[in-house]
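Asker: Got a structure for you, written out below as structure tokens; questions coming shortly.
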Amino acid sequence: MRLRNKPWAKDKLLEYSNYVVHEPEQHRGKWGGVFEKDQPLHIEIGTGKGQFITGMAKANPDINYIGIELQESVIVSALDKLIEEDLPNCKLMNVNGAELAKYFESGDVSRVYLNFSDPWPKTRHEKRRLTFKSFLEVYESILVKNGEIHFKTDNQGLFEYSLVSFSHYGMKLNYVSLDLHNSDFEGNIMTEYEEKFSSRGSRIYRCEVQFQS
Ligand code: SAM
């Protein structure tokens, strides 16, 4: 993602503390209190400009959502969407997905979404991929028992790598599509990247995998 320098982004994130969770470690084990309703929590890691997470929150008022994004200059666009929509069941966090165990304890999260994660195609960068083993360990440590990851991407190499990574971890594959937009999957909410790449003719891959222990 091309990053524009937005020196004002940090202040804007601080200003909207009703939408952006600051000091998330304080809510570890008690996330229900952060939202209007105490209900299952789904998170998206690498939420980008927020179209997916706000779309999901609007479509599913009985689920709480948090969009997690490393780059403040990007998450600030997700904040703009949230300000416009004013969704009580959606929040944002400007943190690194590798450090989620600091903010969530086992069972806090009911589902993890990964959408169009950076592919990091060079082997020496494998550890940065959000489906690398160390990330799976973090997700498992914060999810409910038998929690799921729902993953979609246009990148065939990352998809193939991730299926193997999930399999090596002992996860169960519950759903796979090698061409999401020509499948019978219903209720797909598109991300910004998904719109961009599918409009250029790219195929979208999608899977749902489940932890077994
Ligand atoms: N999901 C969005 C979409 O589909 O439009 C954005 C996709 S973009 C290719 C990947 C995003 O993941 C970037 O905004 C990047 O900053 C974010 N990201 C990468 N590694 C991350 C990490 N470890 N923790 C949180 N966000 C991360």
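Lettering and numbering for the structure tokens are positional, with chains as A, B, ... in the shown order, residues counted from 1 in each chain, and ligands counted from 1 in the shown order.
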Near A:Ser162, within 12 Å and counting only C-alpha atoms, which residues show up once chain neighbours fewer than 2 positions away are dropped, as a PyMOL selection string?
Answerer: chain A and resi 114+117+119+126+129-133+135-136+149-153+155-160+164-169+171+173+205-209
Asker: Given the selection you just returned, output its residues as a file containing N, CA and C atoms, formatted as a CSV table (one decimal), in the first residue's frame.
Answerer:
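After the write, out-v7.csv holds the following:
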chain,number,residue,atom,x,y,z
A,114,LEU,N,-8.3,-12.2,7.9
A,114,LEU,CA,-7.1,-11.7,7.2
A,114,LEU,C,-7.5,-11.5,5.7
A,117,SER,N,-3.6,-9.8,2.8
A,117,SER,CA,-2.4,-9.5,3.6
A,117,SER,C,-1.2,-9.3,2.7
A,119,PRO,N,2.0,-10.0,0.8
A,119,PRO,CA,2.4,-11.3,0.4
A,119,PRO,C,3.9,-11.6,0.8
A,126,GLU,N,9.6,-14.5,5.0
A,126,GLU,CA,8.5,-15.4,5.3
A,126,GLU,C,7.9,-15.1,6.7
A,129,ARG,N,4.9,-12.8,7.0
A,129,ARG,CA,3.5,-13.1,6.5
A,129,ARG,C,2.6,-13.4,7.6
A,130,LEU,N,1.4,-12.8,7.5
A,130,LEU,CA,0.4,-12.9,8.6
A,130,LEU,C,-0.1,-14.3,8.8
A,131,THR,N,0.3,-15.3,7.9
A,131,THR,CA,-0.1,-16.7,8.1
A,131,THR,C,1.1,-17.5,8.4
A,132,PHE,N,2.2,-16.9,8.8
A,132,PHE,CA,3.4,-17.6,9.3
A,132,PHE,C,3.1,-18.3,10.7
A,133,LYS,N,3.8,-19.3,11.0
A,133,LYS,CA,3.5,-20.1,12.2
A,133,LYS,C,3.4,-19.2,13.5
A,135,PHE,N,2.5,-16.2,13.8
A,135,PHE,CA,1.3,-15.5,13.9
A,135,PHE,C,0.1,-16.4,14.2
A,136,LEU,N,0.2,-17.6,13.7
A,136,LEU,CA,-0.9,-18.6,14.0
A,136,LEU,C,-0.9,-18.9,15.5
A,149,ILE,N,-10.1,-18.8,11.4
A,149,ILE,CA,-9.5,-17.7,10.6
A,149,ILE,C,-10.2,-17.7,9.2
A,150,HIS,N,-10.7,-16.6,8.8
A,150,HIS,CA,-11.3,-16.5,7.4
A,150,HIS,C,-10.3,-15.6,6.6
A,151,PHE,N,-9.8,-16.2,5.5
A,151,PHE,CA,-8.7,-15.5,4.8
A,151,PHE,C,-9.0,-15.4,3.3
A,152,LYS,N,-8.8,-14.2,2.8
A,152,LYS,CA,-8.9,-14.0,1.3
A,152,LYS,C,-7.8,-13.2,0.8
A,153,THR,N,-7.5,-13.5,-0.5
A,153,THR,CA,-6.4,-12.8,-1.2
A,153,THR,C,-6.5,-13.0,-2.7
A,155,ASN,N,-3.5,-13.2,-4.2
A,155,ASN,CA,-2.2,-13.6,-4.4
A,155,ASN,C,-2.1,-15.2,-4.3
A,156,GLN,N,-2.0,-15.8,-5.5
A,156,GLN,CA,-2.0,-17.3,-5.5
A,156,GLN,C,-0.8,-17.9,-4.7
A,157,GLY,N,0.4,-17.3,-4.8
A,157,GLY,CA,1.5,-17.8,-4.0
A,157,GLY,C,1.3,-17.7,-2.5
A,158,LEU,N,0.7,-16.6,-2.0
A,158,LEU,CA,0.4,-16.4,-0.6
A,158,LEU,C,-0.7,-17.4,-0.2
A,159,PHE,N,-1.6,-17.6,-1.0
A,159,PHE,CA,-2.7,-18.5,-0.7
A,159,PHE,C,-2.2,-20.0,-0.6
A,160,GLU,N,-1.4,-20.4,-1.5
A,160,GLU,CA,-0.8,-21.7,-1.5
A,160,GLU,C,0.1,-21.9,-0.2
A,164,VAL,N,-0.6,-24.5,3.2
A,164,VAL,CA,0.4,-25.4,3.8
A,164,VAL,C,0.7,-25.0,5.2
A,165,SER,N,0.8,-23.7,5.5
A,165,SER,CA,1.1,-23.3,6.9
A,165,SER,C,0.0,-23.7,7.8
A,166,PHE,N,-1.3,-23.5,7.4
A,166,PHE,CA,-2.5,-23.9,8.2
A,166,PHE,C,-2.4,-25.4,8.5
A,167,SER,N,-2.1,-26.2,7.4
A,167,SER,CA,-2.1,-27.6,7.5
A,167,SER,C,-1.0,-28.1,8.4
A,168,HIS,N,0.2,-27.5,8.3
A,168,HIS,CA,1.3,-27.9,9.2
A,168,HIS,C,1.0,-27.6,10.6
A,169,TYR,N,0.2,-26.6,10.8
A,169,TYR,CA,-0.2,-26.2,12.2
A,169,TYR,C,-1.3,-27.2,12.8
A,171,MET,N,-4.5,-27.3,11.5
A,171,MET,CA,-5.8,-26.7,11.4
A,171,MET,C,-6.7,-27.5,10.4
A,173,LEU,N,-9.5,-27.5,7.5
A,173,LEU,CA,-10.0,-26.6,6.4
A,173,LEU,C,-11.5,-26.9,6.2
A,205,TYR,N,-9.1,-15.7,-4.0
A,205,TYR,CA,-9.0,-17.0,-3.3
A,205,TYR,C,-9.6,-16.8,-1.9
A,206,ARG,N,-10.3,-17.8,-1.3
A,206,ARG,CA,-10.8,-17.6,0.0
A,206,ARG,C,-10.8,-18.9,0.7
A,207,CYS,N,-10.5,-18.9,2.0
A,207,CYS,CA,-10.7,-20.2,2.8
A,207,CYS,C,-11.1,-19.8,4.2
A,208,GLU,N,-11.6,-20.8,4.9
A,208,GLU,CA,-12.0,-20.8,6.3
A,208,GLU,C,-11.3,-22.0,7.0
A,209,VAL,N,-10.5,-21.7,8.0
A,209,VAL,CA,-9.7,-22.7,8.7
A,209,VAL,C,-10.0,-22.6,10.2
Asker: Env of A:Asp154: 12 Å cut, atoms = only C-alpha atoms, seq-sep filter 6 positions within chain, self excluded. Answer as a list in words.
Answerer: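 What passes the distance filter is Asn115, Phe116, Ser117, Asp118, Pro119, Glu160, Ser177, Leu178, Asp179, Leu180, His181, Thr191, Tyr193, Glu194, Glu195, Lys196, Phe197, Ser198, Ser199, Arg200, Gly201, Ser202, Arg203, Ile204, Tyr205 and Arg206 of chain A.
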Asker: Filtering to N, CA and C atoms, could you give me those residues as a PDB file, in the first residue's frame?
Answerer:
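Output saved as selection.pdb:
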ATOM      1  N   ASN A 115      -7.394 -10.252   5.295  1.00  0.00           N
ATOM      2  CA  ASN A 115      -7.815  -9.932   3.931  1.00  0.00           C
ATOM      3  C   ASN A 115      -6.688  -9.253   3.170  1.00  0.00           C
ATOM      4  N   PHE A 116      -6.269  -9.880   2.088  1.00  0.00           N
ATOM      5  CA  PHE A 116      -5.272  -9.292   1.186  1.00  0.00           C
ATOM      6  C   PHE A 116      -4.017  -8.870   1.954  1.00  0.00           C
ATOM      7  N   SER A 117      -3.591  -9.772   2.824  1.00  0.00           N
ATOM      8  CA  SER A 117      -2.386  -9.519   3.620  1.00  0.00           C
ATOM      9  C   SER A 117      -1.190  -9.341   2.687  1.00  0.00           C
ATOM     10  N   ASP A 118      -0.224  -8.536   3.122  1.00  0.00           N
ATOM     11  CA  ASP A 118       0.978  -8.321   2.304  1.00  0.00           C
ATOM     12  C   ASP A 118       1.629  -9.670   2.022  1.00  0.00           C
ATOM     13  N   PRO A 119       1.953  -9.971   0.755  1.00  0.00           N
ATOM     14  CA  PRO A 119       2.435 -11.331   0.424  1.00  0.00           C
ATOM     15  C   PRO A 119       3.875 -11.624   0.848  1.00  0.00           C
ATOM     16  N   GLU A 160      -1.379 -20.386  -1.531  1.00  0.00           N
ATOM     17  CA  GLU A 160      -0.805 -21.748  -1.480  1.00  0.00           C
ATOM     18  C   GLU A 160       0.062 -21.902  -0.222  1.00  0.00           C
ATOM     19  N   SER A 177     -12.371 -21.634  -1.688  1.00  0.00           N
ATOM     20  CA  SER A 177     -12.796 -21.253  -3.036  1.00  0.00           C
ATOM     21  C   SER A 177     -11.575 -20.719  -3.775  1.00  0.00           C
ATOM     22  N   LEU A 178     -11.382 -21.221  -4.991  1.00  0.00           N
ATOM     23  CA  LEU A 178     -10.277 -20.736  -5.827  1.00  0.00           C
ATOM     24  C   LEU A 178     -10.749 -19.623  -6.756  1.00  0.00           C
ATOM     25  N   ASP A 179     -12.032 -19.271  -6.631  1.00  0.00           N
ATOM     26  CA  ASP A 179     -12.578 -18.183  -7.453  1.00  0.00           C
ATOM     27  C   ASP A 179     -13.841 -17.650  -6.759  1.00  0.00           C
ATOM     28  N   LEU A 180     -13.606 -16.893  -5.705  1.00  0.00           N
ATOM     29  CA  LEU A 180     -14.694 -16.465  -4.817  1.00  0.00           C
ATOM     30  C   LEU A 180     -15.826 -15.778  -5.566  1.00  0.00           C
ATOM     31  N   HIS A 181     -15.482 -14.892  -6.491  1.00  0.00           N
ATOM     32  CA  HIS A 181     -16.523 -14.081  -7.133  1.00  0.00           C
ATOM     33  C   HIS A 181     -17.347 -14.890  -8.128  1.00  0.00           C
ATOM     34  N   THR A 191     -13.246  -5.794   0.251  1.00  0.00           N
ATOM     35  CA  THR A 191     -12.270  -4.851   0.797  1.00  0.00           C
ATOM     36  C   THR A 191     -11.868  -3.891  -0.335  1.00  0.00           C
ATOM     37  N   TYR A 193      -8.823  -3.493  -1.511  1.00  0.00           N
ATOM     38  CA  TYR A 193      -7.931  -4.224  -2.416  1.00  0.00           C
ATOM     39  C   TYR A 193      -8.711  -5.195  -3.291  1.00  0.00           C
ATOM     40  N   GLU A 194      -9.704  -5.820  -2.713  1.00  0.00           N
ATOM     41  CA  GLU A 194     -10.516  -6.790  -3.471  1.00  0.00           C
ATOM     42  C   GLU A 194     -11.207  -6.092  -4.649  1.00  0.00           C
ATOM     43  N   GLU A 195     -11.747  -4.899  -4.396  1.00  0.00           N
ATOM     44  CA  GLU A 195     -12.403  -4.154  -5.476  1.00  0.00           C
ATOM     45  C   GLU A 195     -11.400  -3.813  -6.563  1.00  0.00           C
ATOM     46  N   LYS A 196     -10.226  -3.366  -6.123  1.00  0.00           N
ATOM     47  CA  LYS A 196      -9.207  -2.938  -7.089  1.00  0.00           C
ATOM     48  C   LYS A 196      -8.751  -4.117  -7.954  1.00  0.00           C
ATOM     49  N   PHE A 197      -8.381  -5.217  -7.296  1.00  0.00           N
ATOM     50  CA  PHE A 197      -7.806  -6.333  -8.058  1.00  0.00           C
ATOM     51  C   PHE A 197      -8.860  -7.082  -8.863  1.00  0.00           C
ATOM     52  N   SER A 198     -10.072  -7.237  -8.327  1.00  0.00           N
ATOM     53  CA  SER A 198     -11.084  -7.974  -9.091  1.00  0.00           C
ATOM     54  C   SER A 198     -11.533  -7.153 -10.302  1.00  0.00           C
ATOM     55  N   SER A 199     -11.513  -5.813 -10.174  1.00  0.00           N
ATOM     56  CA  SER A 199     -11.898  -4.995 -11.333  1.00  0.00           C
ATOM     57  C   SER A 199     -10.856  -5.109 -12.455  1.00  0.00           C
ATOM     58  N   ARG A 200      -9.625  -5.508 -12.073  1.00  0.00           N
ATOM     59  CA  ARG A 200      -8.574  -5.724 -13.087  1.00  0.00           C
ATOM     60  C   ARG A 200      -8.563  -7.166 -13.585  1.00  0.00           C
ATOM     61  N   GLY A 201      -9.519  -7.972 -13.132  1.00  0.00           N
ATOM     62  CA  GLY A 201      -9.634  -9.349 -13.627  1.00  0.00           C
ATOM     63  C   GLY A 201      -8.950 -10.399 -12.765  1.00  0.00           C
ATOM     64  N   SER A 202      -8.392  -9.998 -11.596  1.00  0.00           N
ATOM     65  CA  SER A 202      -7.736 -11.002 -10.746  1.00  0.00           C
ATOM     66  C   SER A 202      -8.773 -11.898 -10.078  1.00  0.00           C
ATOM     67  N   ARG A 203      -8.406 -13.146  -9.917  1.00  0.00           N
ATOM     68  CA  ARG A 203      -9.227 -14.092  -9.173  1.00  0.00           C
ATOM     69  C   ARG A 203      -9.033 -13.891  -7.674  1.00  0.00           C
ATOM     70  N   ILE A 204     -10.071 -14.125  -6.929  1.00  0.00           N
ATOM     71  CA  ILE A 204      -9.961 -13.996  -5.473  1.00  0.00           C
ATOM     72  C   ILE A 204     -10.057 -15.392  -4.846  1.00  0.00           C
ATOM     73  N   TYR A 205      -9.089 -15.701  -3.998  1.00  0.00           N
ATOM     74  CA  TYR A 205      -9.045 -16.988  -3.282  1.00  0.00           C
ATOM     75  C   TYR A 205      -9.571 -16.756  -1.866  1.00  0.00           C
ATOM     76  N   ARG A 206     -10.287 -17.755  -1.349  1.00  0.00           N
ATOM     77  CA  ARG A 206     -10.808 -17.595   0.019  1.00  0.00           C
ATOM     78  C   ARG A 206     -10.839 -18.937   0.743  1.00  0.00           C
TER      79      ARG A 206
END
Asker: Of the residues A:Glu85, A:Glu148, A:Glu186, A:Glu25, which is the one nearest to A:Glu44, using only C-alpha atoms?
Answerer: A:Glu148
Asker: Given only C-alpha atoms and all ligand atoms as the basis, pick out the residue of A:Asn89, A:Gln51, A:Ser17, A:Ser77 nearest to ligand 1.
Answerer: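 Distance minimum relative to ligand 1 lands on A:Gln51.
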Asker: Determine, counting only C-alpha atoms, which protein, DNA and RNA residues have an atom within 12 Å of an atom of A:Arg4; residues of the same chain fewer than 3 positions away are not included. Present the result as JSON, numbers by chain.
Answerer: {"A": [1, 7, 8, 9, 71, 72, 73, 74, 75, 76, 77]}
Asker: Restrict the selected residues to C-alpha atoms and save them as a PDB file, in the first residue's frame.
Answerer:
ATOM      1  CA  MET A   1       0.000   0.000   0.000  1.00  0.00           C
ATOM      2  CA  PRO A   7       1.400  14.123  10.154  1.00  0.00           C
ATOM      3  CA  TRP A   8      -2.055  14.943  11.572  1.00  0.00           C
ATOM      4  CA  ALA A   9      -3.162  11.284  11.666  1.00  0.00           C
ATOM      5  CA  GLN A  71      -0.062   2.206   9.807  1.00  0.00           C
ATOM      6  CA  GLU A  72      -1.674   5.271  11.351  1.00  0.00           C
ATOM      7  CA  SER A  73      -1.725   7.057   7.968  1.00  0.00           C
ATOM      8  CA  VAL A  74      -3.922   4.196   6.648  1.00  0.00           C
ATOM      9  CA  ILE A  75      -6.165   3.470   9.640  1.00  0.00           C
ATOM     10  CA  VAL A  76      -7.162   7.128   9.705  1.00  0.00           C
ATOM     11  CA  SER A  77      -9.172   6.459   6.501  1.00  0.00           C
TER      12      SER A  77
END
Asker: With distances taken over only C-alpha atoms and all ligand atoms, which of A:Phe211, A:Trp120, A:Tyr19, A:Trp31 is nearest to ligand 1?
Answerer: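 Smallest separation from ligand 1 among the options: A:Trp120.
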Asker: Nearest residue to ligand 1 out of A:Gly170, A:Pro40, A:Pro121, A:Gly97, using only C-alpha atoms and all ligand atoms?
Answerer: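 Closest residue, counting only C-alpha atoms and all ligand atoms: A:Gly97.
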Asker: Go through A:His22, A:Lys91, A:Arg128, A:Lys145 and flag the residue nearest A:Met56, using only C-alpha atoms for the distances.
Answerer: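 Using only C-alpha atoms, the shortest distance to A:Met56 belongs to A:Lys91.
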Asker: With DSSP run on the backbone, what are the strand (DSSP E) residues within stretch 147-211 of chain A? I'd like them as a VMD selection string.
Answerer: chain A and resid 147 to 153 172 to 177 205 to 210
Asker: For the alpha helix (DSSP H) assignment from backbone DSSP, which residues of stretch 20-91 of chain A qualify? Please present them as a PyMOL selection string.
Answerer: chain A and resi 51-59+72-85
Asker: Ranking A:Ile53, A:Val138, A:Leu143, A:Ile66 by minimum distance to A:Met93 and counting only C-alpha atoms, which one comes first?
Answerer: A:Ile66
Asker: List the spatial neighbours of stretch 58-61 of chain A as a count of residues only - criterion: any atom at most 10 Å away, only C-alpha atoms, same-chain residues fewer than 4 positions off excluded.
Answerer: 14
Asker: Applying 7 Å and only C-alpha atoms, which residues near A:Glu69 remain after dropping the ones on its own chain fewer than 5 positions away? List them as a PyMOL selection string.
Answerer: chain A and resi 45-48+75+93-96
Asker: At what distance in Å, to one decimal, does atom CA of A:Ile68 lie from atom 22 (C, counted along the ligand's line) of ligand 1?
Answerer: 7.9 Å
Asker: What is the atom 5 (O, counted along the ligand's line) of ligand 1 to atom CA of A:Ser141 distance in Å?
Answerer: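 Going from atom 5 (O, counted along the ligand's line) of ligand 1 over to atom CA of A:Ser141, I get 25.5 Å.
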Asker: Report as a VMD selection string all protein, DNA and RNA residues lying within 8 Å of A:Pro24, evaluated on only C-alpha atoms, omitting residues in the same chain fewer than 3 positions from it.
Answerer: chain A and resid 21 27 to 28 93 103
Asker: One number please: atom 7 (C, counted along the ligand's line) of ligand 1 to atom CA of A:Leu100, in Å, one decimal.
Answerer: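 Distance reported for this atom pair: 18.2 Å.
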